[in-house]
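Asks: Dropping in start15.pdb, with PDB, C-alpha atoms.
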ATOM      1  CA  MET W   1      27.195 -25.259  58.575
ATOM      2  CA  SER W   2      27.142 -28.140  56.112
ATOM      3  CA  ILE W   3      30.008 -30.652  56.384
ATOM      4  CA  LEU W   4      31.877 -31.425  53.168
ATOM      5  CA  PRO W   5      30.957 -34.952  51.994
ATOM      6  CA  ASP W   6      33.529 -37.683  52.572
ATOM      7  CA  HIS W   7      33.156 -40.300  49.830
ATOM      8  CA  SER W   8      35.925 -42.599  51.060
ATOM      9  CA  PRO W   9      35.176 -46.168  52.190
ATOM     10  CA  PHE W  10      35.378 -47.102  55.860
ATOM     11  CA  SER W  11      36.945 -50.132  57.516
ATOM     12  CA  SER W  12      37.545 -51.107  61.127
ATOM     13  CA  ALA W  13      38.852 -54.211  62.879
ATOM     14  CA  PHE W  14      37.050 -55.998  65.690
ATOM     15  CA  SER W  15      38.007 -54.541  69.065
ATOM     16  CA  GLY W  16      35.237 -55.722  71.357
ATOM     17  CA  GLU W  17      34.678 -58.653  73.686
ATOM     18  CA  GLY W  18      32.801 -61.883  73.209
ATOM     19  CA  PRO W  19      32.023 -63.232  69.750
ATOM     20  CA  ARG W  20      33.732 -61.383  66.934
ATOM     21  CA  VAL W  21      30.988 -59.435  65.159
ATOM     22  CA  GLY W  22      31.250 -57.954  61.678
ATOM     23  CA  VAL W  23      28.940 -55.566  59.819
ATOM     24  CA  ALA W  24      28.936 -55.102  56.047
ATOM     25  CA  LEU W  25      27.302 -51.750  55.270
ATOM     26  CA  ALA W  26      26.128 -50.299  51.930
ATOM     27  CA  HIS W  27      25.215 -46.738  50.953
ATOM     28  CA  GLY W  28      22.499 -45.716  48.494
ATOM     29  CA  PHE W  29      22.128 -45.091  44.757
ATOM     30  CA  THR W  30      23.983 -41.973  43.486
ATOM     31  CA  GLY W  31      25.209 -41.385  47.057
ATOM     32  CA  SER W  32      28.351 -42.456  48.879
ATOM     33  CA  PRO W  33      29.646 -43.683  52.264
ATOM     34  CA  HIS W  34      29.202 -40.130  53.543
ATOM     35  CA  ALA W  35      25.490 -40.761  54.129
ATOM     36  CA  VAL W  36      26.133 -43.747  56.415
ATOM     37  CA  ARG W  37      29.572 -42.943  57.846
ATOM     38  CA  ALA W  38      28.228 -42.020  61.291
ATOM     39  CA  TRP W  39      26.268 -45.299  61.303
ATOM     40  CA  ALA W  40      29.435 -47.241  60.443
ATOM     41  CA  MET W  41      31.349 -45.434  63.176
ATOM     42  CA  ALA W  42      28.628 -46.303  65.702
ATOM     43  CA  PHE W  43      29.159 -49.989  64.880
ATOM     44  CA  ALA W  44      32.937 -49.539  65.135
ATOM     45  CA  ALA W  45      32.630 -47.739  68.485
ATOM     46  CA  GLU W  46      30.801 -50.806  69.793
ATOM     47  CA  GLY W  47      33.888 -52.849  68.850
ATOM     48  CA  PHE W  48      32.421 -54.472  65.745
ATOM     49  CA  ALA W  49      34.492 -55.025  62.616
ATOM     50  CA  VAL W  50      33.035 -52.912  59.809
ATOM     51  CA  ARG W  51      33.413 -52.863  56.028
ATOM     52  CA  MET W  52      31.695 -50.032  54.172
ATOM     53  CA  PRO W  53      32.786 -49.959  50.515
ATOM     54  CA  LEU W  54      32.478 -47.119  48.051
ATOM     55  CA  LEU W  55      30.262 -48.808  45.472
ATOM     56  CA  PRO W  56      31.557 -48.707  41.871
ATOM     57  CA  GLY W  57      30.521 -45.604  39.964
ATOM     58  CA  HIS W  58      29.786 -43.614  43.104
ATOM     59  CA  GLY W  59      31.646 -40.739  44.710
ATOM     60  CA  THR W  60      33.038 -39.589  41.351
ATOM     61  CA  SER W  61      30.628 -38.521  38.582
ATOM     62  CA  TRP W  62      27.217 -39.572  37.334
ATOM     63  CA  GLN W  63      28.809 -40.289  33.970
ATOM     64  CA  GLU W  64      30.981 -42.955  35.578
ATOM     65  CA  LEU W  65      27.965 -44.405  37.375
ATOM     66  CA  ALA W  66      26.263 -44.729  33.981
ATOM     67  CA  ARG W  67      29.017 -47.162  32.938
ATOM     68  CA  THR W  68      28.542 -49.579  35.857
ATOM     69  CA  ARG W  69      26.277 -52.592  36.272
ATOM     70  CA  TRP W  70      24.232 -53.682  39.257
ATOM     71  CA  THR W  71      26.406 -56.759  39.587
ATOM     72  CA  ASP W  72      29.380 -54.438  40.217
ATOM     73  CA  TRP W  73      27.572 -52.968  43.240
ATOM     74  CA  HIS W  74      26.625 -56.412  44.500
ATOM     75  CA  ASP W  75      30.179 -57.735  44.073
ATOM     76  CA  ALA W  76      31.577 -54.853  46.157
ATOM     77  CA  MET W  77      29.160 -55.631  48.982
ATOM     78  CA  ASP W  78      29.809 -59.366  48.689
ATOM     79  CA  SER W  79      33.563 -58.763  48.902
ATOM     80  CA  ALA W  80      32.973 -56.761  52.080
ATOM     81  CA  TYR W  81      31.067 -59.714  53.514
ATOM     82  CA  LEU W  82      33.802 -62.201  52.554
ATOM     83  CA  GLU W  83      36.468 -60.092  54.289
ATOM     84  CA  LEU W  84      34.412 -60.064  57.473
ATOM     85  CA  GLU W  85      33.489 -63.732  57.227
ATOM     86  CA  ALA W  86      37.189 -64.602  57.240
ATOM     87  CA  GLU W  87      37.863 -62.798  60.530
ATOM     88  CA  CYS W  88      34.560 -62.825  62.439
ATOM     89  CA  ASP W  89      32.355 -65.353  64.208
ATOM     90  CA  VAL W  90      29.107 -63.756  63.022
ATOM     91  CA  VAL W  91      28.359 -61.201  60.298
ATOM     92  CA  PHE W  92      25.444 -58.801  59.842
ATOM     93  CA  SER W  93      24.538 -56.787  56.761
ATOM     94  CA  ALA W  94      23.134 -53.259  56.752
ATOM     95  CA  GLY W  95      22.202 -50.639  54.208
ATOM     96  CA  ILE W  96      20.147 -47.614  53.272
ATOM     97  CA  SER W  97      17.888 -47.318  50.200
ATOM     98  CA  MET W  98      19.561 -49.246  47.342
ATOM     99  CA  GLY W  99      22.115 -50.355  49.931
ATOM    100  CA  GLY W 100      19.206 -52.064  51.664
ATOM    101  CA  ALA W 101      18.590 -54.171  48.568
ATOM    102  CA  LEU W 102      22.281 -55.098  48.489
ATOM    103  CA  ALA W 103      22.178 -56.007  52.190
ATOM    104  CA  LEU W 104      19.151 -58.233  51.525
ATOM    105  CA  ARG W 105      20.963 -59.972  48.662
ATOM    106  CA  ILE W 106      23.787 -60.836  51.054
ATOM    107  CA  ALA W 107      21.212 -62.103  53.550
ATOM    108  CA  ALA W 108      19.731 -64.323  50.848
ATOM    109  CA  THR W 109      23.015 -65.700  49.526
ATOM    110  CA  ARG W 110      25.352 -65.820  52.546
ATOM    111  CA  PRO W 111      25.014 -67.087  56.137
ATOM    112  CA  LEU W 112      24.178 -63.980  58.164
ATOM    113  CA  ALA W 113      23.078 -63.424  61.747
ATOM    114  CA  GLY W 114      20.753 -60.554  60.797
ATOM    115  CA  THR W 115      20.143 -57.515  58.600
ATOM    116  CA  VAL W 116      19.449 -53.851  59.456
ATOM    117  CA  LEU W 117      17.834 -51.585  56.866
ATOM    118  CA  VAL W 118      16.989 -47.892  56.624
ATOM    119  CA  ASN W 119      14.298 -46.973  54.093
ATOM    120  CA  PRO W 120      15.172 -49.972  51.912
ATOM    121  CA  ALA W 121      14.358 -49.723  48.210
ATOM    122  CA  LEU W 122      12.986 -52.662  46.237
ATOM    123  CA  VAL W 123      10.592 -50.962  43.812
ATOM    124  CA  ILE W 124      10.872 -47.995  41.442
ATOM    125  CA  ASP W 125       7.437 -46.397  41.199
ATOM    126  CA  ASP W 126       8.318 -44.125  38.280
ATOM    127  CA  PRO W 127       6.231 -45.346  35.302
ATOM    128  CA  ARG W 128       9.248 -44.727  33.067
ATOM    129  CA  ALA W 129      11.323 -47.342  34.929
ATOM    130  CA  PRO W 130      10.378 -50.308  32.685
ATOM    131  CA  LEU W 131      11.399 -48.219  29.675
ATOM    132  CA  ALA W 132      14.794 -47.161  31.053
ATOM    133  CA  GLY W 133      16.593 -49.709  28.896
ATOM    134  CA  ILE W 134      15.316 -47.882  25.812
ATOM    135  CA  LEU W 135      15.298 -44.357  27.230
ATOM    136  CA  LYS W 136      18.990 -44.567  28.097
ATOM    137  CA  LEU W 137      19.739 -44.518  24.362
ATOM    138  CA  VAL W 138      18.222 -41.056  23.950
ATOM    139  CA  LEU W 139      18.170 -39.614  27.479
ATOM    140  CA  LYS W 140      21.429 -39.623  29.427
ATOM    141  CA  SER W 141      20.251 -38.299  32.802
ATOM    142  CA  THR W 142      17.332 -36.970  34.825
ATOM    143  CA  PRO W 143      17.142 -34.600  37.834
ATOM    144  CA  ALA W 144      18.754 -35.733  41.083
ATOM    145  CA  ILE W 145      17.002 -37.800  43.742
ATOM    146  CA  GLY W 146      19.439 -36.930  46.551
ATOM    147  CA  ASN W 147      19.314 -34.795  49.682
ATOM    148  CA  ASP W 148      15.856 -35.815  50.875
ATOM    149  CA  ILE W 149      16.658 -34.685  54.433
ATOM    150  CA  LEU W 150      14.397 -32.824  56.869
ATOM    151  CA  LYS W 151      17.239 -31.504  59.000
ATOM    152  CA  PRO W 152      18.435 -28.130  57.635
ATOM    153  CA  ASP W 153      21.881 -27.504  56.132
ATOM    154  CA  VAL W 154      22.747 -31.182  55.650
ATOM    155  CA  ASN W 155      24.184 -32.427  52.356
ATOM    156  CA  GLU W 156      24.515 -36.127  51.636
ATOM    157  CA  GLY W 157      26.882 -35.472  48.722
ATOM    158  CA  ALA W 158      24.839 -37.310  46.086
ATOM    159  CA  TYR W 159      25.089 -36.636  42.362
ATOM    160  CA  ASP W 160      23.201 -33.688  40.923
ATOM    161  CA  ARG W 161      21.968 -35.877  38.055
ATOM    162  CA  THR W 162      20.663 -39.446  37.866
ATOM    163  CA  PRO W 163      22.033 -41.462  34.917
ATOM    164  CA  VAL W 164      19.242 -43.292  33.115
ATOM    165  CA  ALA W 165      21.511 -46.221  32.241
ATOM    166  CA  ALA W 166      22.243 -46.742  35.933
ATOM    167  CA  ALA W 167      18.541 -46.425  36.773
ATOM    168  CA  HIS W 168      17.973 -49.299  34.346
ATOM    169  CA  GLU W 169      20.556 -51.342  36.279
ATOM    170  CA  LEU W 170      18.886 -50.350  39.547
ATOM    171  CA  ASN W 171      15.578 -51.686  38.300
ATOM    172  CA  LYS W 172      17.252 -54.987  37.409
ATOM    173  CA  LEU W 173      18.831 -55.163  40.875
ATOM    174  CA  PHE W 174      15.473 -54.653  42.558
ATOM    175  CA  ARG W 175      13.738 -57.249  40.408
ATOM    176  CA  ALA W 176      16.459 -59.845  41.022
ATOM    177  CA  THR W 177      16.502 -59.130  44.760
ATOM    178  CA  ARG W 178      12.738 -59.438  45.199
ATOM    179  CA  LEU W 179      12.968 -62.956  43.781
ATOM    180  CA  LEU W 180      15.542 -63.895  46.433
ATOM    181  CA  LEU W 181      13.669 -62.596  49.477
ATOM    182  CA  PRO W 182      12.085 -65.987  50.382
ATOM    183  CA  ARG W 183      15.627 -67.305  50.892
ATOM    184  CA  VAL W 184      16.322 -64.841  53.739
ATOM    185  CA  THR W 185      16.025 -66.619  57.095
ATOM    186  CA  ALA W 186      17.905 -64.355  59.557
ATOM    187  CA  PRO W 187      15.980 -61.573  61.388
ATOM    188  CA  VAL W 188      15.501 -58.254  59.595
ATOM    189  CA  ARG W 189      15.159 -54.880  61.365
ATOM    190  CA  VAL W 190      13.824 -51.960  59.312
ATOM    191  CA  PHE W 191      13.808 -48.266  60.166
ATOM    192  CA  ARG W 192      11.207 -46.522  58.010
ATOM    193  CA  SER W 193      10.580 -42.789  57.709
ATOM    194  CA  THR W 194       6.926 -41.779  57.827
ATOM    195  CA  VAL W 195       7.717 -39.203  55.121
ATOM    196  CA  ASP W 196      10.015 -40.384  52.336
ATOM    197  CA  HIS W 197      10.064 -38.552  49.000
ATOM    198  CA  VAL W 198      12.353 -41.097  47.314
ATOM    199  CA  VAL W 199      11.190 -44.605  48.281
ATOM    200  CA  SER W 200       7.470 -45.279  48.570
ATOM    201  CA  ASP W 201       5.677 -47.823  50.721
ATOM    202  CA  SER W 202       5.624 -50.157  47.710
ATOM    203  CA  SER W 203       9.103 -51.284  48.742
ATOM    204  CA  ILE W 204       7.935 -52.128  52.268
ATOM    205  CA  VAL W 205       4.980 -54.038  50.837
ATOM    206  CA  ALA W 206       7.353 -56.008  48.601
ATOM    207  CA  LEU W 207       9.621 -56.689  51.575
ATOM    208  CA  ARG W 208       6.762 -57.958  53.742
ATOM    209  CA  ARG W 209       5.491 -60.133  50.912
ATOM    210  CA  GLY W 210       8.899 -61.596  50.130
ATOM    211  CA  LEU W 211      10.191 -62.314  53.648
ATOM    212  CA  THR W 212       8.277 -65.542  54.113
ATOM    213  CA  GLN W 213      11.006 -67.244  56.180
ATOM    214  CA  ALA W 214      12.489 -64.368  58.216
ATOM    215  CA  PRO W 215      11.108 -62.354  61.156
ATOM    216  CA  LEU W 216      10.664 -58.672  60.329
ATOM    217  CA  GLU W 217      10.640 -55.815  62.854
ATOM    218  CA  LEU W 218       9.603 -52.360  61.645
ATOM    219  CA  THR W 219      10.362 -49.111  63.492
ATOM    220  CA  MET W 220       8.820 -45.885  62.211
ATOM    221  CA  LEU W 221      10.854 -42.666  62.164
ATOM    222  CA  GLU W 222       8.683 -39.613  62.778
ATOM    223  CA  ASN W 223      11.209 -36.820  62.251
ATOM    224  CA  SER W 224      13.287 -37.763  59.205
ATOM    225  CA  TYR W 225      13.015 -38.023  55.430
ATOM    226  CA  HIS W 226      14.714 -40.565  53.187
ATOM    227  CA  VAL W 227      18.372 -40.125  54.212
ATOM    228  CA  ALA W 228      17.503 -40.777  57.835
ATOM    229  CA  THR W 229      21.077 -41.671  58.822
ATOM    230  CA  LEU W 230      21.914 -37.962  58.408
ATOM    231  CA  ASP W 231      18.601 -36.702  59.745
ATOM    232  CA  ASN W 232      16.937 -36.020  63.095
ATOM    233  CA  ASP W 233      16.346 -39.706  63.905
ATOM    234  CA  ALA W 234      19.923 -40.847  63.261
ATOM    235  CA  GLY W 235      20.584 -41.495  66.952
ATOM    236  CA  GLN W 236      17.539 -43.743  67.169
ATOM    237  CA  ILE W 237      18.766 -45.727  64.164
ATOM    238  CA  PHE W 238      22.249 -46.167  65.596
ATOM    239  CA  SER W 239      21.119 -47.232  69.079
ATOM    240  CA  GLY W 240      18.360 -49.430  67.673
ATOM    241  CA  SER W 241      20.795 -51.174  65.335
ATOM    242  CA  LEU W 242      23.147 -51.950  68.209
ATOM    243  CA  ASP W 243      20.257 -53.233  70.331
ATOM    244  CA  PHE W 244      19.146 -55.465  67.458
ATOM    245  CA  ILE W 245      22.605 -57.024  67.174
ATOM    246  CA  ARG W 246      22.991 -57.396  70.951
ATOM    247  CA  ASP W 247      19.611 -59.125  71.198
ATOM    248  CA  ILE W 248      20.536 -61.634  68.491
ATOM    249  CA  LEU W 249      23.878 -62.332  70.153
ATOM    250  CA  ALA W 250      22.137 -62.860  73.488
ATOM    251  CA  GLU W 251      19.673 -65.287  71.918
ATOM    252  CA  THR W 252      22.425 -67.354  70.291
ATOM    253  CA  ARG W 253      24.820 -67.332  73.257
ATOM    254  CA  PRO W 254      24.554 -70.509  75.414
ATOM    255  CA  GLY W 255      23.010 -69.903  78.844
ATOM    256  CA  PRO W 256      24.384 -71.316  82.132
ATOM    257  CA  ASP W 257      22.294 -74.473  81.895
ATOM    258  CA  GLN W 258      23.246 -75.055  78.282
ATOM    259  CA  SER W 259      26.937 -74.505  79.063
ATOM    260  CA  ALA W 260      26.803 -77.000  81.911
ATOM    261  CA  THR W 261      25.067 -79.582  79.738
ATOM    262  CA  ALA W 262      27.592 -79.064  76.954
ATOM    263  CA  SER W 263      30.449 -79.490  79.465
ATOM    264  CA  GLN W 264      28.951 -82.740  80.738
ATOM    265  CA  LYS W 265      28.727 -84.069  77.199
ATOM    266  CA  GLY W 266      32.277 -83.018  76.312
ATOM    267  CA  ASP W 267      34.451 -86.099  77.025
ATOM    268  CA  PRO W 268      32.807 -89.438  77.972
ATOM    269  CA  ASN W 269      36.067 -90.645  79.542
ATOM    270  CA  GLU W 270      36.288 -87.792  82.098
TER     271      GLU W 270
END
Can I see the file as structure tokens?

Replies:
Amino acid sequence: MSILPDHSPFSSAFSGEGPRVGVALAHGFTGSPHAVRAWAMAFAAEGFAVRMPLLPGHGTSWQELARTRWTDWHDAMDSAYLELEAECDVVFSAGISMGGALALRIAATRPLAGTVLVNPALVIDDPRAPLAGILKLVLKSTPAIGNDILKPDVNEGAYDRTPVAAAHELNKLFRATRLLLPRVTAPVRVFRSTVDHVVSDSSIVALRRGLTQAPLELTMLENSYHVATLDNDAGQIFSGSLDFIRDILAETRPGPDQSATASQKGDPNE
């Protein structure tokens, strides 16, 4: 039986041990936090502080989404980062689809420890995309792009129409984000479905081309479509994301020899 979508944002405080870790998490275009709620809760269960906003124009109506700008979506994600930065030692960003582009923008503009992405979107392959700024004047919406899920009876709760005005903003977001990719320096982990009817491999090509300063690790998902966080490979995404963060923390944590050396250098008068 399909679970009713929960569009509300999600927030949790740090409750773990060791360095205080925060994760800023973004959902996709025309979707809502429902699609990534289980992912957010997996981070929270590990003890990490989590901020998962409901992006402006989402979780209400496609008509409201048509009135928003891509900078509104970015500002919501950036505010989530700033909240975490104020209370955590290290912060990671994460996102699915358009949320992946937002997570990459944070990685390019803020000091992050790493970024986790699921089927990130950076390119719109539709040949009408460059014309969306004109088309929006005569065409208000197009058929939905949501619910690309292999697992039966699962509903991500996305809009049943895609506003053309918002698609124009999405195209601007992608173009602006691609330009920033060379500024990303923290490691990036990507989970990519082998079959994705929404985001093509053009986005992965753009990501590889743009990440000239950051290590990129790609994991293929064999049993999921685009909304993989609600699909058959969700468990692999959640465990792999936690492993990615743990590995980075382990690499940055001083070892016994380093701790001893630091102690010896502490006070020259001791």

Asks: For Glu83 in chain W, which of W:Thr185, W:Thr109, W:Ser11, W:Asn155 is the closest residue, counting all atoms listed in the file?

Replies: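 Of all the options, W:Ser11 lies closest to Glu83 in chain W.
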
Asks: Tell me which residues the PyMOL selection byres ((chain W and resi 65) around 12) grabs here, as a PyMOL selection string.

Replies: chain W and resi 29-32+54-64+66-70+72-73+140-141+158-159+161-170

Asks: Excluding Ser193 in chain W and any residue of its chain fewer than 4 positions from it, enumerate the residues within 7 Å of it, using only C-alpha atoms, and give them as a PyMOL selection string.

Replies: chain W and resi 119+220-222+224-226

Asks: Could you list, as an mmCIF file with C-alpha atoms, in the frame of the given file, every residue matched by the PyMOL selection byres ((chain W and resi 91) around 7) in this structure?

Replies:
data_model
loop_
_atom_site.group_PDB
_atom_site.id
_atom_site.type_symbol
_atom_site.label_atom_id
_atom_site.label_comp_id
_atom_site.auth_asym_id
_atom_site.auth_seq_id
_atom_site.Cartn_x
_atom_site.Cartn_y
_atom_site.Cartn_z
ATOM 1 C CA VAL W 21 30.988 -59.435 65.159
ATOM 2 C CA GLY W 22 31.250 -57.954 61.678
ATOM 3 C CA VAL W 23 28.940 -55.566 59.819
ATOM 4 C CA LEU W 84 34.412 -60.064 57.473
ATOM 5 C CA GLU W 85 33.489 -63.732 57.227
ATOM 6 C CA CYS W 88 34.560 -62.825 62.439
ATOM 7 C CA ASP W 89 32.355 -65.353 64.208
ATOM 8 C CA VAL W 90 29.107 -63.756 63.022
ATOM 9 C CA PHE W 92 25.444 -58.801 59.842
ATOM 10 C CA SER W 93 24.538 -56.787 56.761
ATOM 11 C CA LEU W 112 24.178 -63.980 58.164
ATOM 12 C CA ALA W 113 23.078 -63.424 61.747
#

Asks: Show me, as a ChimeraX atom specification, the residues that have an atom within 7 Å of Pro120 in chain W when counting only C-alpha atoms, minus same-chain residues fewer than 3 positions from it.

Replies: /W:96-98,100-101,117,203

Asks: Between W:Val184, W:Gly95, W:Ser15, W:Asp78, which has the minimum distance to Val116 in chain W (counting all atoms listed in the file)?

Replies: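 Going through W:Val184, W:Gly95, W:Ser15, W:Asp78 one by one, the smallest distance to Val116 in chain W is for W:Gly95.
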
Asks: Check the smallest atom-to-atom distance from each of W:Val205, W:Leu25, W:Val199, W:Ala121 to Ala103 in chain W using only C-alpha atoms, then report the winner.

Replies: W:Leu25

Asks: When distances are computed from all atoms listed in the file, which of W:Ala86, W:Leu104, W:Leu4, W:Ala49 shows the smallest separation from Ala176 in chain W?

Replies: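 Looking only at the distances to Ala176 in chain W, the closest residue turns out to be W:Leu104.
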
Asks: By how many Å are CA of Ala144 in chain W and CA of His7 in chain W apart?

Replies: 17.5 Å

Asks: Select, from W:Phe174, W:Val118, W:Leu181, W:Leu207, the residue with the minimum atom-to-atom distance to Thr219 in chain W, counting all atoms listed in the file.

Replies: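 Of W:Phe174, W:Val118, W:Leu181, W:Leu207, the one nearest Thr219 in chain W, counting all atoms listed in the file, is W:Val118.
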
Asks: CA of Ile106 in chain W and CA of Pro182 in chain W, how far apart in Å?

Replies: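 Between CA of Pro182 in chain W and CA of Ile106 in chain W the gap works out to 12.8 Å.
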
Asks: Under the rule of at most 8 Å, produce a per-residue listing of range 31-139 of chain W near range 229-252 of chain W: chain, number, name, the closest pair of atoms, and the distance in Å, as JSON lines, using all atoms listed in the file.

Replies:
{"residue": "W:Ala35", "atom": "CA", "partner": "W:Leu230", "partner_atom": "CA", "distance": 6.2}
{"residue": "W:Val36", "atom": "CA", "partner": "W:Thr229", "partner_atom": "CA", "distance": 6.0}
{"residue": "W:Ala38", "atom": "CA", "partner": "W:Thr229", "partner_atom": "CA", "distance": 7.6}
{"residue": "W:Trp39", "atom": "CA", "partner": "W:Phe238", "partner_atom": "CA", "distance": 5.9}
{"residue": "W:Ala42", "atom": "CA", "partner": "W:Phe238", "partner_atom": "CA", "distance": 6.4}
{"residue": "W:Phe43", "atom": "CA", "partner": "W:Leu242", "partner_atom": "CA", "distance": 7.1}
{"residue": "W:Glu46", "atom": "CA", "partner": "W:Leu242", "partner_atom": "CA", "distance": 7.9}
{"residue": "W:Ala113", "atom": "CA", "partner": "W:Ile248", "partner_atom": "CA", "distance": 7.4}
{"residue": "W:Gly114", "atom": "CA", "partner": "W:Ile245", "partner_atom": "CA", "distance": 7.5}
{"residue": "W:Val116", "atom": "CA", "partner": "W:Ser241", "partner_atom": "CA", "distance": 6.6}
{"residue": "W:Val118", "atom": "CA", "partner": "W:Thr229", "partner_atom": "CA", "distance": 7.8}

Asks: Choose the residue, out of W:Val123, W:Ala40, W:Leu173, W:Met52, that has the smallest atom-to-atom separation from Val198 in chain W; count only C-alpha atoms.

Replies: W:Val123

Asks: Report as lines of an AutoDock Vina configuration file the centre and the edge lengths, in Å to one decimal, of the axis-aligned box holding every listed atom of range 3-20 of chain W, padded by 3 Å on each side.

Replies:
center_x = 34.4
center_y = -46.9
center_z = 61.8
size_x = 14.8
size_y = 38.6
size_z = 29.9

Asks: CA of Ala214 in chain W and CA of Leu180 in chain W are how many Å apart?

Replies: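 According to the coordinates, CA of Ala214 in chain W and CA of Leu180 in chain W are separated by 12.2 Å.
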
Asks: Could you list, as a PDB file with C-alpha atoms, keeping the file's coordinate frame, every residue matched by the PyMOL selection byres ((chain W and resi 148) around 7) in this structure?

Replies:
ATOM      1  CA  GLY W 146      19.439 -36.930  46.551  1.00  0.00           C
ATOM      2  CA  ASN W 147      19.314 -34.795  49.682  1.00  0.00           C
ATOM      3  CA  ILE W 149      16.658 -34.685  54.433  1.00  0.00           C
ATOM      4  CA  LEU W 150      14.397 -32.824  56.869  1.00  0.00           C
ATOM      5  CA  HIS W 197      10.064 -38.552  49.000  1.00  0.00           C
ATOM      6  CA  TYR W 225      13.015 -38.023  55.430  1.00  0.00           C
ATOM      7  CA  HIS W 226      14.714 -40.565  53.187  1.00  0.00           C
ATOM      8  CA  VAL W 227      18.372 -40.125  54.212  1.00  0.00           C
TER       9      VAL W 227
END
